[in-house]
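Structure file upload09.pdb (PDB, C-alpha atoms) follows.
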```
ATOM      1  CA  MET A 258      -8.430 -24.764  35.907  1.00  0.00           C
ATOM      2  CA  ASN A 259      -7.782 -23.467  32.397  1.00  0.00           C
ATOM      3  CA  ALA A 260      -5.809 -20.284  31.898  1.00  0.00           C
ATOM      4  CA  PRO A 261      -7.798 -17.471  30.278  1.00  0.00           C
ATOM      5  CA  MET A 262      -7.294 -17.246  26.546  1.00  0.00           C
ATOM      6  CA  SER A 263      -5.457 -14.174  25.362  1.00  0.00           C
ATOM      7  CA  PRO A 264      -7.242 -12.176  22.693  1.00  0.00           C
ATOM      8  CA  ARG A 265      -6.375 -13.091  19.121  1.00  0.00           C
ATOM      9  CA  LYS A 266      -3.874 -10.772  17.506  1.00  0.00           C
ATOM     10  CA  LEU A 267      -5.116  -9.058  14.369  1.00  0.00           C
ATOM     11  CA  ARG A 268      -3.316 -10.088  11.177  1.00  0.00           C
ATOM     12  CA  VAL A 269      -1.948  -7.111   9.238  1.00  0.00           C
ATOM     13  CA  THR A 270      -0.469  -7.068   5.756  1.00  0.00           C
ATOM     14  CA  THR A 271       1.248  -4.158   4.046  1.00  0.00           C
ATOM     15  CA  THR A 272       2.578  -3.683   0.540  1.00  0.00           C
ATOM     16  CA  SER A 273       3.992  -1.043  -1.724  1.00  0.00           C
ATOM     17  CA  LEU A 274       2.847  -0.996  -5.334  1.00  0.00           C
ATOM     18  CA  SER A 275       4.230   1.831  -7.515  1.00  0.00           C
ATOM     19  CA  GLY A 276       5.551   4.576  -5.322  1.00  0.00           C
ATOM     20  CA  CYS A 277       8.603   5.663  -3.379  1.00  0.00           C
ATOM     21  CA  PHE A 278       8.119   3.526  -0.243  1.00  0.00           C
ATOM     22  CA  GLY A 279       7.765   6.733   1.792  1.00  0.00           C
ATOM     23  CA  CYS A 280       4.553   5.577   3.464  1.00  0.00           C
ATOM     24  CA  HIS A 281       6.276   2.484   4.842  1.00  0.00           C
ATOM     25  CA  MET A 282       9.146   4.647   6.065  1.00  0.00           C
ATOM     26  CA  SER A 283       6.609   6.896   7.803  1.00  0.00           C
ATOM     27  CA  PHE A 284       4.983   3.771   9.262  1.00  0.00           C
ATOM     28  CA  LEU A 285       8.361   2.764  10.725  1.00  0.00           C
ATOM     29  CA  ASP A 286       8.649   6.287  12.158  1.00  0.00           C
ATOM     30  CA  ILE A 287       6.051   5.400  14.784  1.00  0.00           C
ATOM     31  CA  ASP A 288       9.260   4.318  16.543  1.00  0.00           C
ATOM     32  CA  GLU A 289       8.815   2.766  19.989  1.00  0.00           C
ATOM     33  CA  ARG A 290       5.073   2.549  19.407  1.00  0.00           C
ATOM     34  CA  LEU A 291       5.928  -0.364  17.057  1.00  0.00           C
ATOM     35  CA  LEU A 292       6.382  -2.427  20.223  1.00  0.00           C
ATOM     36  CA  GLU A 293       2.859  -1.526  21.365  1.00  0.00           C
ATOM     37  CA  LEU A 294       1.577  -2.389  17.898  1.00  0.00           C
ATOM     38  CA  ALA A 295       3.435  -5.717  17.881  1.00  0.00           C
ATOM     39  CA  ALA A 296       1.564  -6.674  21.058  1.00  0.00           C
ATOM     40  CA  LEU A 297      -1.739  -6.190  19.226  1.00  0.00           C
ATOM     41  CA  VAL A 298      -1.033  -7.409  15.685  1.00  0.00           C
ATOM     42  CA  GLU A 299       0.779 -10.098  13.778  1.00  0.00           C
ATOM     43  CA  PHE A 300       2.298  -9.057  10.473  1.00  0.00           C
ATOM     44  CA  ASP A 301       1.693 -11.254   7.457  1.00  0.00           C
ATOM     45  CA  ARG A 302       2.866 -10.178   3.990  1.00  0.00           C
ATOM     46  CA  SER A 303       4.940  -7.056   4.510  1.00  0.00           C
ATOM     47  CA  PRO A 304       8.404  -5.639   3.921  1.00  0.00           C
ATOM     48  CA  ILE A 305       8.654  -5.841   7.713  1.00  0.00           C
ATOM     49  CA  THR A 306       8.468  -9.664   7.555  1.00  0.00           C
ATOM     50  CA  ASP A 307       9.728 -10.176   3.992  1.00  0.00           C
ATOM     51  CA  ILE A 308       6.743 -12.472   3.374  1.00  0.00           C
ATOM     52  CA  LYS A 309       5.850 -12.134  -0.332  1.00  0.00           C
ATOM     53  CA  HIS A 310       2.281 -13.525  -0.364  1.00  0.00           C
ATOM     54  CA  CYS A 311      -0.616 -13.558   2.075  1.00  0.00           C
ATOM     55  CA  SER A 312      -0.313 -16.788   4.006  1.00  0.00           C
ATOM     56  CA  GLN A 313      -3.920 -16.621   5.138  1.00  0.00           C
ATOM     57  CA  HIS A 314      -6.824 -14.246   5.655  1.00  0.00           C
ATOM     58  CA  CYS A 315      -5.797 -10.868   7.087  1.00  0.00           C
ATOM     59  CA  ASP A 316      -7.813  -8.439   9.138  1.00  0.00           C
ATOM     60  CA  LEU A 317      -6.171  -5.297   7.768  1.00  0.00           C
ATOM     61  CA  ALA A 318      -4.237  -4.470   4.581  1.00  0.00           C
ATOM     62  CA  LEU A 319      -2.337  -1.192   4.185  1.00  0.00           C
ATOM     63  CA  ILE A 320      -1.613  -0.507   0.506  1.00  0.00           C
ATOM     64  CA  GLU A 321       0.762   2.228  -0.608  1.00  0.00           C
ATOM     65  CA  GLY A 322       1.507   3.179  -4.204  1.00  0.00           C
ATOM     66  CA  GLY A 323      -0.460   3.581  -7.397  1.00  0.00           C
ATOM     67  CA  VAL A 324      -1.389   0.734  -9.722  1.00  0.00           C
ATOM     68  CA  CYS A 325       0.786   0.917 -12.845  1.00  0.00           C
ATOM     69  CA  ASN A 326       1.359  -2.635 -14.074  1.00  0.00           C
ATOM     70  CA  ALA A 327      -0.187  -6.101 -14.280  1.00  0.00           C
ATOM     71  CA  GLU A 328       1.718  -7.328 -11.222  1.00  0.00           C
ATOM     72  CA  ASN A 329       0.308  -4.432  -9.136  1.00  0.00           C
ATOM     73  CA  VAL A 330      -3.209  -5.461 -10.207  1.00  0.00           C
ATOM     74  CA  HIS A 331      -2.559  -9.088  -9.253  1.00  0.00           C
ATOM     75  CA  VAL A 332      -1.112  -8.189  -5.840  1.00  0.00           C
ATOM     76  CA  LEU A 333      -3.929  -5.750  -5.118  1.00  0.00           C
ATOM     77  CA  ARG A 334      -6.674  -8.227  -6.036  1.00  0.00           C
ATOM     78  CA  GLU A 335      -4.998 -10.928  -3.926  1.00  0.00           C
ATOM     79  CA  LEU A 336      -4.883  -8.582  -0.931  1.00  0.00           C
ATOM     80  CA  ARG A 337      -8.493  -7.469  -1.389  1.00  0.00           C
ATOM     81  CA  ALA A 338      -9.649 -11.090  -1.575  1.00  0.00           C
ATOM     82  CA  ASN A 339      -7.733 -11.981   1.594  1.00  0.00           C
ATOM     83  CA  SER A 340      -8.347  -8.880   3.729  1.00  0.00           C
ATOM     84  CA  LYS A 341     -11.315  -7.840   5.820  1.00  0.00           C
ATOM     85  CA  ILE A 342     -10.337  -4.134   5.720  1.00  0.00           C
ATOM     86  CA  LEU A 343      -8.278  -2.550   2.937  1.00  0.00           C
ATOM     87  CA  VAL A 344      -6.734   0.894   3.368  1.00  0.00           C
ATOM     88  CA  ALA A 345      -5.397   3.067   0.528  1.00  0.00           C
ATOM     89  CA  PHE A 346      -2.401   4.492   2.341  1.00  0.00           C
ATOM     90  CA  GLY A 347      -0.744   7.686   1.036  1.00  0.00           C
ATOM     91  CA  ALA A 348      -1.239   9.966  -1.960  1.00  0.00           C
ATOM     92  CA  CYS A 349      -0.155   7.435  -4.600  1.00  0.00           C
ATOM     93  CA  ALA A 350      -2.693   4.845  -3.404  1.00  0.00           C
ATOM     94  CA  VAL A 351      -5.407   7.467  -2.864  1.00  0.00           C
ATOM     95  CA  ASN A 352      -5.118   9.366  -6.161  1.00  0.00           C
ATOM     96  CA  GLY A 353      -2.158   7.998  -8.154  1.00  0.00           C
ATOM     97  CA  GLY A 354       0.306  10.510  -6.698  1.00  0.00           C
ATOM     98  CA  LEU A 355       3.544  11.290  -8.492  1.00  0.00           C
ATOM     99  CA  PRO A 356       3.555   8.094 -10.585  1.00  0.00           C
ATOM    100  CA  ALA A 357       0.297   9.282 -12.194  1.00  0.00           C
ATOM    101  CA  GLN A 358       2.150  12.190 -13.783  1.00  0.00           C
ATOM    102  CA  ARG A 359       2.828   9.808 -16.666  1.00  0.00           C
ATOM    103  CA  ASN A 360      -0.914   9.542 -17.361  1.00  0.00           C
ATOM    104  CA  HIS A 361      -0.845  12.270 -20.013  1.00  0.00           C
ATOM    105  CA  LEU A 362       1.931  10.456 -21.914  1.00  0.00           C
ATOM    106  CA  ASP A 363       1.682   7.608 -24.410  1.00  0.00           C
ATOM    107  CA  VAL A 364       3.354   4.587 -22.778  1.00  0.00           C
ATOM    108  CA  GLY A 365       4.419   3.048 -26.101  1.00  0.00           C
ATOM    109  CA  HIS A 366       6.094   6.267 -27.209  1.00  0.00           C
ATOM    110  CA  CYS A 367       7.885   6.596 -23.844  1.00  0.00           C
ATOM    111  CA  LEU A 368       9.196   3.037 -24.038  1.00  0.00           C
ATOM    112  CA  SER A 369      10.407   3.500 -27.602  1.00  0.00           C
ATOM    113  CA  GLN A 370      12.276   6.649 -26.540  1.00  0.00           C
ATOM    114  CA  VAL A 371      13.808   5.116 -23.426  1.00  0.00           C
ATOM    115  CA  TYR A 372      14.913   1.863 -25.061  1.00  0.00           C
ATOM    116  CA  ARG A 373      16.479   3.303 -28.223  1.00  0.00           C
ATOM    117  CA  THR A 374      19.838   1.891 -29.207  1.00  0.00           C
ATOM    118  CA  PRO A 375      22.796   4.218 -28.513  1.00  0.00           C
ATOM    119  CA  ASP A 376      22.922   5.355 -32.146  1.00  0.00           C
ATOM    120  CA  GLY A 377      19.131   5.948 -32.158  1.00  0.00           C
ATOM    121  CA  SER A 378      18.580   3.672 -35.122  1.00  0.00           C
ATOM    122  CA  ALA A 379      16.330   1.108 -33.449  1.00  0.00           C
ATOM    123  CA  THR A 380      14.269   0.383 -30.367  1.00  0.00           C
ATOM    124  CA  ALA A 381      14.989  -2.617 -28.134  1.00  0.00           C
ATOM    125  CA  ILE A 382      12.021  -2.671 -25.725  1.00  0.00           C
ATOM    126  CA  PRO A 383      12.500  -5.603 -23.324  1.00  0.00           C
ATOM    127  CA  ASN A 384      10.066  -8.430 -23.996  1.00  0.00           C
ATOM    128  CA  ASP A 385      10.467 -10.828 -21.119  1.00  0.00           C
ATOM    129  CA  PRO A 386       7.586 -12.655 -19.400  1.00  0.00           C
ATOM    130  CA  GLU A 387       9.243 -11.849 -16.031  1.00  0.00           C
ATOM    131  CA  LEU A 388       8.643  -8.115 -16.575  1.00  0.00           C
ATOM    132  CA  PRO A 389       5.130  -6.962 -15.634  1.00  0.00           C
ATOM    133  CA  LEU A 390       3.098  -5.431 -18.427  1.00  0.00           C
ATOM    134  CA  LEU A 391       2.621  -1.677 -17.968  1.00  0.00           C
ATOM    135  CA  LEU A 392      -0.942  -0.406 -17.809  1.00  0.00           C
ATOM    136  CA  ASP A 393      -2.127   2.449 -20.023  1.00  0.00           C
ATOM    137  CA  LYS A 394      -2.046   4.739 -16.987  1.00  0.00           C
ATOM    138  CA  VAL A 395      -1.461   4.750 -13.236  1.00  0.00           C
ATOM    139  CA  TYR A 396      -4.660   4.095 -11.302  1.00  0.00           C
ATOM    140  CA  PRO A 397      -5.501   4.877  -7.690  1.00  0.00           C
ATOM    141  CA  VAL A 398      -6.236   1.730  -5.682  1.00  0.00           C
ATOM    142  CA  ASN A 399     -10.006   2.369  -5.541  1.00  0.00           C
ATOM    143  CA  GLU A 400     -10.272   2.204  -9.345  1.00  0.00           C
ATOM    144  CA  VAL A 401      -9.137  -1.432  -9.209  1.00  0.00           C
ATOM    145  CA  VAL A 402     -10.617  -2.800  -5.956  1.00  0.00           C
ATOM    146  CA  ARG A 403     -13.015  -1.705  -3.224  1.00  0.00           C
ATOM    147  CA  VAL A 404     -11.295   0.408  -0.572  1.00  0.00           C
ATOM    148  CA  ASP A 405     -12.619   0.650   2.984  1.00  0.00           C
ATOM    149  CA  TYR A 406     -10.546   3.621   4.173  1.00  0.00           C
ATOM    150  CA  PHE A 407      -8.358   6.312   2.651  1.00  0.00           C
ATOM    151  CA  LEU A 408      -5.371   7.708   4.543  1.00  0.00           C
ATOM    152  CA  PRO A 409      -4.014  10.661   2.515  1.00  0.00           C
ATOM    153  CA  GLY A 410      -0.658  12.350   2.756  1.00  0.00           C
ATOM    154  CA  CYS A 411       2.666  12.205   0.992  1.00  0.00           C
ATOM    155  CA  PRO A 412       3.408  10.405   3.193  1.00  0.00           C
ATOM    156  CA  PRO A 413       0.980  10.458   6.106  1.00  0.00           C
ATOM    157  CA  SER A 414       2.907  11.346   9.256  1.00  0.00           C
ATOM    158  CA  ALA A 415       3.795   8.713  11.823  1.00  0.00           C
ATOM    159  CA  ASP A 416       1.357  10.344  14.276  1.00  0.00           C
ATOM    160  CA  THR A 417      -1.411  10.200  11.681  1.00  0.00           C
ATOM    161  CA  ILE A 418      -0.716   6.528  11.001  1.00  0.00           C
ATOM    162  CA  TRP A 419      -0.647   5.764  14.723  1.00  0.00           C
ATOM    163  CA  LYS A 420      -3.952   7.565  15.331  1.00  0.00           C
ATOM    164  CA  PHE A 421      -5.557   5.782  12.383  1.00  0.00           C
ATOM    165  CA  LEU A 422      -4.322   2.333  13.474  1.00  0.00           C
ATOM    166  CA  THR A 423      -5.202   2.760  17.143  1.00  0.00           C
ATOM    167  CA  ASP A 424      -8.704   3.911  16.191  1.00  0.00           C
ATOM    168  CA  LEU A 425      -9.162   0.800  14.035  1.00  0.00           C
ATOM    169  CA  LEU A 426      -7.624  -1.574  16.569  1.00  0.00           C
ATOM    170  CA  THR A 427      -9.836  -0.306  19.378  1.00  0.00           C
ATOM    171  CA  GLY A 428     -12.977  -0.624  17.284  1.00  0.00           C
ATOM    172  CA  ARG A 429     -13.476   3.088  16.638  1.00  0.00           C
ATOM    173  CA  THR A 430     -14.116   4.537  13.207  1.00  0.00           C
ATOM    174  CA  PRO A 431     -10.869   6.287  12.265  1.00  0.00           C
ATOM    175  CA  ARG A 432     -11.211  10.034  12.432  1.00  0.00           C
ATOM    176  CA  ILE A 433      -8.223  12.092  11.373  1.00  0.00           C
ATOM    177  CA  GLU A 434      -8.584  15.822  11.839  1.00  0.00           C
ATOM    178  CA  HIS A 435      -6.392  18.826  11.242  1.00  0.00           C
ATOM    179  CA  PRO A 436      -3.447  19.171  11.958  1.00  0.00           C
ATOM    180  CA  LEU A 437      -2.889  15.426  11.370  1.00  0.00           C
ATOM    181  CA  LEU A 438      -4.785  15.424   8.069  1.00  0.00           C
ATOM    182  CA  LYS A 439      -2.547  16.828   5.366  1.00  0.00           C
ATOM    183  CA  PHE A 440      -2.626  16.424   1.623  1.00  0.00           C
ATOM    184  CA  ASP A 441       0.952  17.519   0.909  1.00  0.00           C
TER     185      ASP A 441
END
```

How does this structure look as structure tokens?
Amino acid sequence: MNAPMSPRKLRVTTTSLSGCFGCHMSFLDIDERLLELAALVEFDRSPITDIKHCSQHCDLALIEGGVCNAENVHVLRELRANSKILVAFGACAVNGGLPAQRNHLDVGHCLSQVYRTPDGSATAIPNDPELPLLLDKVYPVNEVVRVDYFLPGCPPSADTIWKFLTDLLTGRTPRIEHPLLKFD
């Protein structure tokens, strides 16, 4: 007699684009519930696994951070192409957050000011193909790819993240209500 097959674990990927990494820290703050989560999911690309690229199709992608350079665009498009559900996770991913404060500034002028020589006589802006090209502004994730869910907060609390994930993993539409839903 064959043993019953265990249900397939969902593949989850997470990444941080341009932000402070606070959303991932909040994610880790679900503490012992990480063990419950590990029984239900398998992490692919994530700082948790140190995997740098999606190894295969993922069921769920959690994206934190705004989109501020060409590498962010590449990573985001790769994740969208390889993920069934994509979540903009935290204020920076949802609306650009703090990194978007540079949007009213001219990027070229900022670079020329930052990379001036010590005597101020010249500008030495790095020009290396390894450095990602800055975009004209910081974009929220949904202005670059289609987003399935938005999880606001700076960062969302561990309880909010847990509620959101358990709703998704049990097949319910995530519903975050006050006091878990905060925009600060």

(message) Using all atoms listed in the file, can you tell me which of A:Val269, A:Ala318, A:Leu336, A:Val351 comes closest to Leu294 (chain A)?
(response) A:Val269

(request) Tell me, as a PyMOL selection string, which residues lie within 6 Å of Ser303 (chain A), counting only C-alpha atoms; anything in the same chain fewer than 6 positions away does not count. (result) chain A and resi 270-272

(message) I'd like to know which of A:Ser283, A:Ser378, A:Gln370, A:Ser340 is closest to Ala415 (chain A), using only C-alpha atoms.
(response)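 That would be A:Ser283, the residue with the smallest distance to Ala415 (chain A).
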
Can you pull out every residue within 12 Å of Asp288 (chain A), counting only C-alpha atoms, but drop anything in the same chain fewer than 6 positions away, and send it as an mmCIF file with C-alpha atoms, in the coordinates of the input?
```
data_model
loop_
_atom_site.group_PDB
_atom_site.id
_atom_site.type_symbol
_atom_site.label_atom_id
_atom_site.label_comp_id
_atom_site.auth_asym_id
_atom_site.auth_seq_id
_atom_site.Cartn_x
_atom_site.Cartn_y
_atom_site.Cartn_z
ATOM 1 C CA MET A 282 9.146 4.647 6.065
ATOM 2 C CA LEU A 294 1.577 -2.389 17.898
ATOM 3 C CA ALA A 295 3.435 -5.717 17.881
ATOM 4 C CA SER A 414 2.907 11.346 9.256
ATOM 5 C CA ALA A 415 3.795 8.713 11.823
ATOM 6 C CA ASP A 416 1.357 10.344 14.276
ATOM 7 C CA ILE A 418 -0.716 6.528 11.001
ATOM 8 C CA TRP A 419 -0.647 5.764 14.723
#
```

Kindly provide the residues of region 380-399 of chain A that approach region 342-347 of chain A to within 12 Å, each paired with its closest atom pair and their distance in Å to one decimal, based on only C-alpha atoms, listed by chain and increasing number, as a tab-separated table.
```
residue	atom	partner	partner_atom	distance
A:Tyr396	CA	A:Ala345	CA	11.9
A:Pro397	CA	A:Ala345	CA	8.4
A:Val398	CA	A:Ala345	CA	6.4
A:Asn399	CA	A:Ala345	CA	7.7
```

(message) as an MDAnalysis selection string, please: the residues near Leu274 (chain A) (cut-off 12 Å, all atoms listed in the file, same-chain neighbours under 4 positions excluded).
(response) chainID A and resid 278:281 303:304 319:334 336 345:347 349:350 353:354 356 395:398
